[in-house]
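What follows is the content of final-v7.cif, which has mmCIF, C-alpha atoms:
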data_work
#
loop_
_atom_site.label_atom_id
_atom_site.label_comp_id
_atom_site.auth_asym_id
_atom_site.auth_seq_id
_atom_site.Cartn_x
_atom_site.Cartn_y
_atom_site.Cartn_z
CA MET N 47 -236.83 -88.38 -139.23
CA ASP N 48 -233.06 -88.18 -138.71
CA ILE N 49 -232.55 -84.50 -137.76
CA SER N 50 -228.78 -84.97 -137.48
CA ASN N 51 -228.63 -84.93 -141.27
CA SER N 52 -231.07 -82.07 -141.75
CA LYS N 53 -229.77 -78.82 -143.16
CA THR N 54 -229.32 -75.81 -140.91
CA PRO N 55 -232.22 -73.42 -141.58
CA ILE N 56 -231.31 -70.22 -143.39
CA LEU N 57 -231.95 -67.28 -141.06
CA PRO N 58 -233.49 -64.03 -142.38
CA ARG N 59 -231.00 -61.61 -143.85
CA ASP N 60 -231.29 -58.20 -145.42
CA SER N 61 -228.48 -56.31 -147.15
CA GLU N 62 -228.10 -53.53 -149.67
CA THR N 63 -225.39 -51.58 -151.47
CA PHE N 64 -225.73 -47.97 -152.57
CA MET N 65 -223.23 -46.05 -154.68
CA PHE N 66 -222.96 -42.32 -153.99
CA ASN N 67 -220.32 -40.48 -156.04
CA ASP N 68 -216.99 -41.87 -154.78
CA TRP N 69 -218.59 -43.69 -151.84
CA HIS N 70 -219.75 -47.27 -151.51
CA ILE N 71 -222.40 -47.58 -148.79
CA TYR N 72 -223.35 -51.04 -147.55
CA TYR N 73 -225.45 -52.42 -144.75
CA ASN N 74 -226.24 -55.92 -143.57
CA LYS N 75 -229.08 -56.77 -141.21
CA SER N 76 -229.49 -60.24 -139.77
CA HIS N 77 -230.47 -62.36 -136.78
CA ILE N 78 -229.91 -61.91 -133.07
CA LEU N 79 -226.93 -63.56 -131.33
CA LYS N 80 -227.79 -67.01 -129.98
CA SER N 81 -228.14 -67.19 -126.20
CA ILE N 82 -225.98 -70.32 -125.80
CA CYS N 83 -223.03 -71.94 -127.51
CA PRO N 84 -224.19 -74.75 -129.83
CA GLN N 85 -221.10 -76.71 -128.78
CA ASP N 86 -221.82 -76.43 -125.04
CA GLY N 87 -219.12 -73.81 -124.54
CA LYS N 88 -216.35 -75.95 -126.02
CA CYS N 89 -215.42 -73.45 -128.74
CA THR N 90 -211.90 -72.07 -128.83
CA LEU N 91 -211.13 -68.68 -130.31
CA ASP N 92 -208.56 -70.03 -132.76
CA ASP N 93 -211.04 -72.60 -134.09
CA VAL N 94 -212.36 -71.65 -137.55
CA ASN N 95 -215.71 -73.11 -136.44
CA CYS N 96 -215.90 -71.00 -133.28
CA CYS N 97 -219.52 -69.86 -132.88
CA GLU N 98 -220.52 -66.19 -132.87
CA ARG N 99 -221.55 -66.37 -129.21
CA CYS N 100 -218.12 -67.53 -128.09
CA LYS N 101 -216.33 -65.03 -130.33
CA PHE N 102 -218.15 -62.23 -128.53
CA GLU N 103 -217.53 -63.69 -125.07
CA TYR N 104 -213.82 -64.26 -125.78
CA SER N 105 -213.42 -60.77 -127.25
CA LEU N 106 -215.25 -58.92 -124.48
CA GLN N 107 -214.32 -58.80 -120.81
CA LEU N 108 -217.94 -58.60 -119.70
CA PRO N 109 -219.67 -60.92 -117.20
CA HIS N 110 -222.75 -60.87 -119.40
CA LEU N 111 -223.85 -59.69 -122.82
CA PRO N 112 -226.93 -57.57 -123.51
CA ASP N 113 -230.19 -59.46 -124.01
CA MET N 114 -230.15 -58.66 -127.71
CA VAL N 115 -226.95 -58.43 -129.71
CA PHE N 116 -226.98 -58.30 -133.51
CA PRO N 117 -223.54 -59.59 -134.54
CA LYS N 118 -224.11 -59.34 -138.28
CA ASN N 119 -225.74 -55.91 -138.28
CA ILE N 120 -223.13 -53.71 -139.89
CA LEU N 121 -222.90 -50.43 -141.77
CA THR N 122 -219.85 -49.54 -143.85
CA VAL N 123 -219.10 -46.36 -145.77
CA THR N 124 -216.11 -46.93 -148.07
CA PHE N 125 -214.29 -44.32 -150.15
CA LYS N 126 -213.02 -45.15 -153.65
CA THR N 127 -209.48 -45.63 -152.29
CA GLY N 128 -210.67 -48.43 -149.98
CA ILE N 129 -210.57 -46.57 -146.65
CA ARG N 130 -213.77 -46.87 -144.68
CA LEU N 131 -215.92 -46.13 -141.68
CA GLU N 132 -217.62 -49.06 -140.04
CA PHE N 133 -220.27 -49.52 -137.38
CA ASN N 134 -220.75 -52.89 -135.67
CA ALA N 135 -221.93 -54.41 -132.39
CA LEU N 136 -218.65 -55.98 -131.28
CA ASP N 137 -216.69 -52.72 -131.42
CA ALA N 138 -219.57 -50.91 -129.72
CA LEU N 139 -219.50 -53.38 -126.81
CA LYS N 140 -215.73 -53.13 -126.53
CA CYS N 141 -216.35 -49.57 -125.31
CA VAL N 142 -218.39 -50.79 -122.34
CA GLU N 143 -216.25 -50.58 -119.21
CA SER N 144 -215.92 -54.00 -117.64
CA CYS N 145 -214.32 -52.58 -114.48
CA LYS N 146 -216.81 -49.79 -113.80
CA LYS N 147 -220.02 -50.18 -111.87
CA GLY N 148 -223.27 -48.82 -113.28
CA PRO N 149 -225.76 -46.72 -111.28
CA GLN N 150 -226.06 -48.10 -107.78
CA VAL N 151 -229.80 -48.51 -107.53
CA ALA N 152 -232.05 -51.24 -106.17
CA CYS N 153 -232.78 -52.69 -109.58
CA ALA N 154 -229.08 -53.27 -110.27
CA GLU N 155 -228.99 -56.12 -107.77
CA GLU N 156 -232.29 -57.46 -109.06
CA TRP N 157 -230.95 -57.33 -112.64
CA GLN N 158 -227.87 -59.30 -111.65
CA GLU N 159 -229.92 -61.87 -109.75
CA SER N 160 -231.93 -62.50 -112.94
CA ARG N 161 -228.82 -63.65 -114.81
CA PRO N 162 -228.12 -67.38 -115.30
CA GLN N 163 -227.08 -69.30 -112.18
CA ASN N 164 -223.53 -69.89 -113.41
CA LEU N 165 -223.00 -66.12 -113.59
CA LEU N 166 -224.22 -65.23 -110.11
CA SER N 167 -220.66 -65.18 -108.79
CA GLU N 168 -219.92 -62.37 -111.24
CA LYS N 169 -222.30 -59.99 -109.51
CA VAL N 170 -219.68 -59.09 -106.91
CA LYS N 171 -217.30 -57.86 -109.61
CA PRO N 172 -217.39 -54.27 -110.86
CA PHE N 173 -219.52 -54.22 -114.01
CA ASP N 174 -221.43 -51.51 -115.82
CA TRP N 175 -224.74 -53.36 -116.03
CA THR N 176 -226.20 -50.50 -118.14
CA PHE N 177 -223.82 -51.34 -121.03
CA SER N 178 -223.03 -47.64 -121.43
CA SER N 179 -220.85 -47.20 -124.52
CA ASP N 180 -219.08 -44.16 -125.90
CA TYR N 181 -218.45 -45.94 -129.21
CA GLN N 182 -217.81 -43.40 -131.97
CA GLY N 183 -217.57 -45.71 -134.94
CA THR N 184 -214.63 -47.69 -136.28
CA ILE N 185 -212.43 -45.39 -138.35
CA GLY N 186 -210.19 -47.34 -140.70
CA GLU N 187 -206.56 -46.71 -141.54
CA GLY N 188 -205.98 -44.08 -144.20
CA PHE N 189 -208.07 -41.33 -142.67
CA VAL N 190 -206.41 -38.40 -140.91
CA VAL N 191 -208.31 -37.29 -137.80
CA GLU N 192 -207.87 -33.72 -136.55
CA THR N 193 -209.56 -31.80 -133.73
CA THR N 194 -211.40 -28.74 -135.01
CA ASP N 195 -213.39 -25.74 -133.80
CA MET N 196 -215.85 -26.20 -136.65
CA LYS N 197 -219.46 -26.87 -135.72
CA LEU N 198 -222.02 -29.15 -137.25
CA ASP N 199 -224.46 -27.05 -139.29
CA ILE N 200 -227.78 -28.23 -137.89
CA PHE N 201 -229.76 -25.78 -140.01
CA LYS N 202 -228.18 -27.17 -143.17
CA LEU N 203 -229.08 -30.70 -142.06
CA MET N 204 -232.66 -29.59 -141.42
CA LYS N 205 -232.96 -28.25 -144.95
CA LYS N 206 -235.41 -30.29 -147.01
CA GLU N 207 -233.66 -32.47 -149.57
CA ALA N 208 -234.51 -35.58 -151.50
CA ILE N 209 -233.57 -38.74 -149.58
CA LEU N 210 -231.58 -40.93 -151.95
CA PHE N 211 -230.94 -43.66 -149.40
CA TYR N 212 -231.85 -44.31 -145.77
CA HIS N 213 -231.45 -47.13 -143.30
CA ASP N 214 -231.19 -47.71 -139.57
CA LEU N 215 -229.72 -50.65 -137.66
CA THR N 216 -229.80 -51.77 -134.04
CA LEU N 217 -226.42 -53.01 -132.81
CA PHE N 218 -227.48 -54.12 -129.32
CA GLU N 219 -230.27 -53.64 -126.81
CA ASP N 220 -231.05 -54.63 -123.22
CA GLU N 221 -234.18 -53.96 -121.19
CA LEU N 222 -232.30 -53.91 -117.86
CA HIS N 223 -234.65 -56.50 -116.36
CA ASP N 224 -237.69 -54.33 -117.14
CA HIS N 225 -236.19 -51.31 -115.40
CA GLY N 226 -235.49 -49.28 -118.53
CA ILE N 227 -233.53 -49.73 -121.72
CA ALA N 228 -229.99 -49.54 -123.06
CA SER N 229 -229.63 -49.49 -126.84
CA CYS N 230 -227.06 -48.71 -129.49
CA SER N 231 -228.14 -47.94 -133.05
CA VAL N 232 -226.88 -46.30 -136.23
CA LYS N 233 -228.76 -44.49 -138.98
CA ILE N 234 -227.60 -43.17 -142.35
CA ARG N 235 -229.26 -40.69 -144.68
CA VAL N 236 -227.92 -39.84 -148.14
CA MET N 237 -228.96 -36.62 -149.87
CA PRO N 238 -227.77 -34.97 -153.11
CA SER N 239 -225.53 -32.69 -151.00
CA GLY N 240 -223.84 -35.48 -149.04
CA PHE N 241 -224.60 -37.95 -146.26
CA PHE N 242 -225.37 -37.86 -142.55
CA ILE N 243 -224.85 -40.64 -139.99
CA LEU N 244 -226.16 -40.73 -136.44
CA LEU N 245 -224.68 -43.29 -134.05
CA ARG N 246 -226.58 -43.25 -130.76
CA PHE N 247 -226.32 -44.95 -127.39
CA PHE N 248 -229.48 -44.37 -125.35
CA LEU N 249 -229.90 -45.30 -121.69
CA ARG N 250 -232.97 -44.94 -119.52
CA VAL N 251 -232.93 -46.36 -116.01
CA ASP N 252 -236.51 -45.85 -114.84
CA ASP N 253 -236.87 -43.21 -112.10
CA VAL N 254 -233.08 -42.85 -111.94
CA LEU N 255 -231.18 -41.64 -115.00
CA ILE N 256 -231.27 -40.81 -118.71
CA ARG N 257 -228.08 -40.75 -120.79
CA ILE N 258 -227.46 -40.20 -124.51
CA ASN N 259 -224.12 -40.54 -126.29
CA ASP N 260 -224.41 -39.31 -129.87
CA THR N 261 -221.85 -39.30 -132.67
CA ARG N 262 -222.85 -37.40 -135.79
CA PHE N 263 -221.02 -37.59 -139.10
CA HIS N 264 -221.73 -35.06 -141.86
CA TYR N 265 -220.13 -35.21 -145.30
CA GLU N 266 -220.67 -32.58 -148.00
CA ILE N 267 -219.68 -33.45 -151.56
CA GLU N 268 -217.42 -30.43 -152.03
CA ASN N 269 -215.24 -31.33 -149.02
CA ASN N 270 -212.33 -33.73 -148.55
CA TYR N 271 -213.37 -34.46 -144.98
CA ILE N 272 -216.24 -35.74 -142.85
CA LEU N 273 -217.16 -33.62 -139.84
CA LYS N 274 -217.62 -35.77 -136.71
CA GLU N 275 -219.27 -34.46 -133.56
CA PHE N 276 -219.52 -36.45 -130.33
CA THR N 277 -221.81 -35.32 -127.50
CA SER N 278 -222.58 -36.93 -124.17
CA LYS N 279 -225.73 -35.83 -122.36
CA GLU N 280 -227.06 -37.01 -119.04
CA ALA N 281 -229.40 -36.07 -116.22
CA PRO N 282 -230.90 -37.75 -113.17
CA VAL N 283 -234.66 -38.13 -113.50
CA GLN N 284 -235.19 -35.98 -110.40
CA LYS N 285 -233.88 -33.01 -112.39
CA LEU N 286 -236.33 -33.67 -115.22
CA GLN N 287 -239.51 -33.10 -113.23
CA HIS N 288 -240.50 -30.31 -115.64
CA VAL N 289 -240.45 -32.72 -118.61
CA PRO N 290 -243.53 -34.80 -119.48
CA PRO N 291 -242.66 -38.45 -118.65
CA ALA N 292 -244.01 -39.51 -122.06
CA LEU N 293 -240.89 -37.95 -123.61
CA PHE N 294 -238.57 -40.17 -121.56
CA VAL N 295 -239.07 -43.06 -124.00
CA THR N 296 -238.30 -41.00 -127.13
CA PRO N 297 -234.58 -40.21 -127.47
CA SER N 298 -235.08 -37.53 -130.14
CA GLU N 299 -237.38 -35.64 -127.77
CA ILE N 300 -235.75 -36.13 -124.38
CA GLU N 301 -232.31 -35.20 -125.71
CA LYS N 302 -233.51 -31.59 -125.99
CA HIS N 303 -233.85 -31.49 -122.20
CA LEU N 304 -230.53 -33.07 -121.23
CA PRO N 305 -227.45 -31.00 -120.37
CA VAL N 306 -224.29 -31.55 -122.40
CA LEU N 307 -221.48 -33.07 -120.35
CA THR N 308 -218.95 -33.58 -123.15
CA LYS N 309 -218.69 -32.31 -126.71
CA THR N 310 -215.83 -32.80 -129.18
CA THR N 311 -215.60 -32.16 -132.91
CA GLN N 312 -213.13 -33.67 -135.37
CA LYS N 313 -212.42 -33.61 -139.09
CA ILE N 314 -211.95 -37.03 -140.67
CA ILE N 315 -209.83 -36.17 -143.69
CA PHE N 316 -209.36 -38.40 -146.73
CA PRO N 317 -207.29 -37.91 -149.93
CA LYS N 318 -209.47 -37.15 -152.94
#
Would you give me this structure, written as structure tokens?
Amino acid sequence: MDISNSKTPILPRDSETFMFNDWHIYYNKSHILKSICPQDGKCTLDDVNCCERCKFEYSLQLPHLPDMVFPKNILTVTFKTGIRLEFNALDALKCVESCKKGPQVACAEEWQESRPQNLLSEKVKPFDWTFSSDYQGTIGEGFVVETTDMKLDIFKLMKKEAILFYHDLTLFEDELHDHGIASCSVKIRVMPSGFFILLRFFLRVDDVLIRINDTRFHYEIENNYILKEFTSKEAPVQKLQHVPPALFVTPSEIEKHLPVLTKTTQKIIFPK
């Protein structure tokens, strides 16, 4: 059989569109980023045939990408005028600091030693090997963003309502060479009263640190704005001795025990 003439297999793909009043909600879920360039690293960024792997490596100043990156996983929330919010892996990874070192623990060196041989020279360069990201979504042109003293109404969000639409997507994930996990994900829930989005970066370095960066978006149909709240929580494991270790692997549980380091709230205003 001449495989050079065989067709490229179609990879699994899942997508859906949901219309909610004046909003067009769309998600796409697809395959993981390939681990190597199919052209042996000969892609150039200006080449229309540049592979996804090389596009990420050219766009990011990182010595290495997470073990699992989902380049086609995307969530968009578009208003009737065309302005939109977007959530994607590339923009999330652009928020990882390439010139900042991660936690200086024994497993950091072991993690770097596990990388491919041609990247070993990179281990001496500053690099946040935990892929910590403070990505807060990609806010398109047309929105007006203002700082506000308003607070997210958690009790209103806890109120039981019919779920008209729900989906969650993983943008990237890395197991830190079996020493924990770093993941970035986004979830959306649409109710009759509006919609709620949770964008979360979760980091657990076993026996060392737990960190959660959350961005919450809440839209209510009577408003001409989306309320956005960003919180950063973190604690060394030694200060979590009172917490059952079983909770360390569940972000929604462990977040209740982490102190807030940063919290900001903004109104994302759009013309009706």
Inset, instruction - Evaluate the PyMOL selection byres ((chain N and resi 131-136) around 6) and record the selected residues as a list in words, following the chain and residue labels used in the document. - result: Pro117, Ile120, Leu121, Thr122, Val123, Arg130, Asp137, Ala138, Leu139, Gly183, Thr184, Ile185, Gly186 and Leu217 of chain N
Inset, instruction - Check which residues satisfy the PyMOL selection byres ((chain N and resi 229) around 10) in the file shown, then give them as JSON, numbers by chain. - result: {"N": [112, 114, 115, 176, 177, 178, 179, 216, 217, 218, 219, 220, 221, 227, 228, 230, 231, 246, 247, 248, 249, 250, 258]}
Would you put the residues from that selection into a file with C-alpha atoms, as a PDB file, in the coordinates of the input?
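Heads up, here's the output in result14.pdb:
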ATOM      1  CA  PRO N 112    -226.930 -57.570-123.510  1.00  0.00           C
ATOM      2  CA  MET N 114    -230.150 -58.660-127.710  1.00  0.00           C
ATOM      3  CA  VAL N 115    -226.950 -58.430-129.710  1.00  0.00           C
ATOM      4  CA  THR N 176    -226.200 -50.500-118.140  1.00  0.00           C
ATOM      5  CA  PHE N 177    -223.820 -51.340-121.030  1.00  0.00           C
ATOM      6  CA  SER N 178    -223.030 -47.640-121.430  1.00  0.00           C
ATOM      7  CA  SER N 179    -220.850 -47.200-124.520  1.00  0.00           C
ATOM      8  CA  THR N 216    -229.800 -51.770-134.040  1.00  0.00           C
ATOM      9  CA  LEU N 217    -226.420 -53.010-132.810  1.00  0.00           C
ATOM     10  CA  PHE N 218    -227.480 -54.120-129.320  1.00  0.00           C
ATOM     11  CA  GLU N 219    -230.270 -53.640-126.810  1.00  0.00           C
ATOM     12  CA  ASP N 220    -231.050 -54.630-123.220  1.00  0.00           C
ATOM     13  CA  GLU N 221    -234.180 -53.960-121.190  1.00  0.00           C
ATOM     14  CA  ILE N 227    -233.530 -49.730-121.720  1.00  0.00           C
ATOM     15  CA  ALA N 228    -229.990 -49.540-123.060  1.00  0.00           C
ATOM     16  CA  CYS N 230    -227.060 -48.710-129.490  1.00  0.00           C
ATOM     17  CA  SER N 231    -228.140 -47.940-133.050  1.00  0.00           C
ATOM     18  CA  ARG N 246    -226.580 -43.250-130.760  1.00  0.00           C
ATOM     19  CA  PHE N 247    -226.320 -44.950-127.390  1.00  0.00           C
ATOM     20  CA  PHE N 248    -229.480 -44.370-125.350  1.00  0.00           C
ATOM     21  CA  LEU N 249    -229.900 -45.300-121.690  1.00  0.00           C
ATOM     22  CA  ARG N 250    -232.970 -44.940-119.520  1.00  0.00           C
ATOM     23  CA  ILE N 258    -227.460 -40.200-124.510  1.00  0.00           C
TER      24      ILE N 258
END
Legend entry - Top pick for closest residue to Phe66 (chain N), considering N:Ile243, N:Leu210, N:Val289, N:Leu106 and counting only C-alpha atoms: N:Leu210
Any chance you could work out the residue set of the PyMOL selection byres ((chain N and resi 63) around 10) here, as an mmCIF file with C-alpha atoms, in the coordinates of the input?
data_model
loop_
_atom_site.group_PDB
_atom_site.id
_atom_site.type_symbol
_atom_site.label_atom_id
_atom_site.label_comp_id
_atom_site.auth_asym_id
_atom_site.auth_seq_id
_atom_site.Cartn_x
_atom_site.Cartn_y
_atom_site.Cartn_z
ATOM 1 C CA SER N 61 -228.480 -56.310 -147.150
ATOM 2 C CA GLU N 62 -228.100 -53.530 -149.670
ATOM 3 C CA PHE N 64 -225.730 -47.970 -152.570
ATOM 4 C CA MET N 65 -223.230 -46.050 -154.680
ATOM 5 C CA PHE N 66 -222.960 -42.320 -153.990
ATOM 6 C CA HIS N 70 -219.750 -47.270 -151.510
ATOM 7 C CA ILE N 71 -222.400 -47.580 -148.790
ATOM 8 C CA TYR N 72 -223.350 -51.040 -147.550
ATOM 9 C CA TYR N 73 -225.450 -52.420 -144.750
ATOM 10 C CA ASN N 74 -226.240 -55.920 -143.570
ATOM 11 C CA THR N 122 -219.850 -49.540 -143.850
ATOM 12 C CA VAL N 123 -219.100 -46.360 -145.770
ATOM 13 C CA PHE N 211 -230.940 -43.660 -149.400
#
Inset, instruction - List every protein, DNA or RNA residue that has an atom no more than 6 Å from (-220.4, -37.9, -137.8) in the file's coordinate frame, counting all atoms listed in the file, and report them as a list in words. - result: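 Here is the list of nearby residues: Ile243, Thr261, Arg262, Phe263, His264, Leu273, Lys274 and Glu275 of chain N.
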Inset, instruction - For a cut-off of 12 Å around (-206.9, -42.4, -141.1), file coordinates, pick out all residues using only C-alpha atoms and list them as a list of chain:residue names. - result: N:Phe125, N:Thr127, N:Gly128, N:Ile129, N:Arg130, N:Leu131, N:Thr184, N:Ile185, N:Gly186, N:Glu187, N:Gly188, N:Phe189, N:Val190, N:Val191, N:Glu192, N:Tyr271, N:Ile272, N:Lys313, N:Ile314, N:Ile315, N:Phe316, N:Pro317
Legend entry - Interatomic distance, CA of Glu207 (chain N) to CA of Pro297 (chain N) (Å, one decimal):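 Going from CA of Glu207 (chain N) over to CA of Pro297 (chain N), I get 23.4 Å.
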Inset, instruction - Measuring atom to atom with all atoms listed in the file, identify which of N:Glu266, N:Asp93, N:Asp253, N:Asp60 is nearest to Pro282 (chain N). - result: N:Asp253
Inset, instruction - Write out as a list in words the residues lying within 10 Å of Asp195 (chain N), counting all atoms listed in the file and excluding same-chain residues fewer than 3 positions away. - result: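 My reading of the contact set: Leu198, Thr310, Thr311, Gln312 and Lys313 of chain N.
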Inset, instruction - Would you kindly return, as a ChimeraX atom specification, each protein, DNA or RNA residue with an atom no farther than 6 Å from any atom of Gly240 (chain N), considering all atoms listed in the file and excluding same-chain residues fewer than 3 positions away? - result: /N:237,265-267
Inset, instruction - Rank N:Leu111, N:Val232, N:Cys83, N:Cys141 by their smallest atom-to-atom distance to Arg99 (chain N), using only C-alpha atoms, and report the top residue only. - result: N:Cys83
Inset, instruction - Give the answer as one residue: which of N:Phe242, N:Phe276, N:Phe102, N:Phe116 has the shortest atom-to-atom distance to Met204 (chain N), using all atoms listed in the file? - result: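 Of all the options, N:Phe242 lies closest to Met204 (chain N).
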Legend entry - Atomic separation - CA of Ala208 (chain N) relative to CA of Thr194 (chain N), Å: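 That distance, rounded to one decimal, is 29.2 Å.
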Legend entry - Between CA of Ile78 (chain N) and CA of Val236 (chain N), distance in Å (one decimal):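 Calculated distance between CA of Ile78 (chain N) and CA of Val236 (chain N) is 26.8 Å.
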Inset, instruction - May I ask which of the residues N:Ile300, N:Leu307, N:Ile209, N:Leu215 is the closest one to Arg235 (chain N), counting only C-alpha atoms? - result: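 Among N:Ile300, N:Leu307, N:Ile209, N:Leu215, it is N:Ile209 that comes nearest to Arg235 (chain N).
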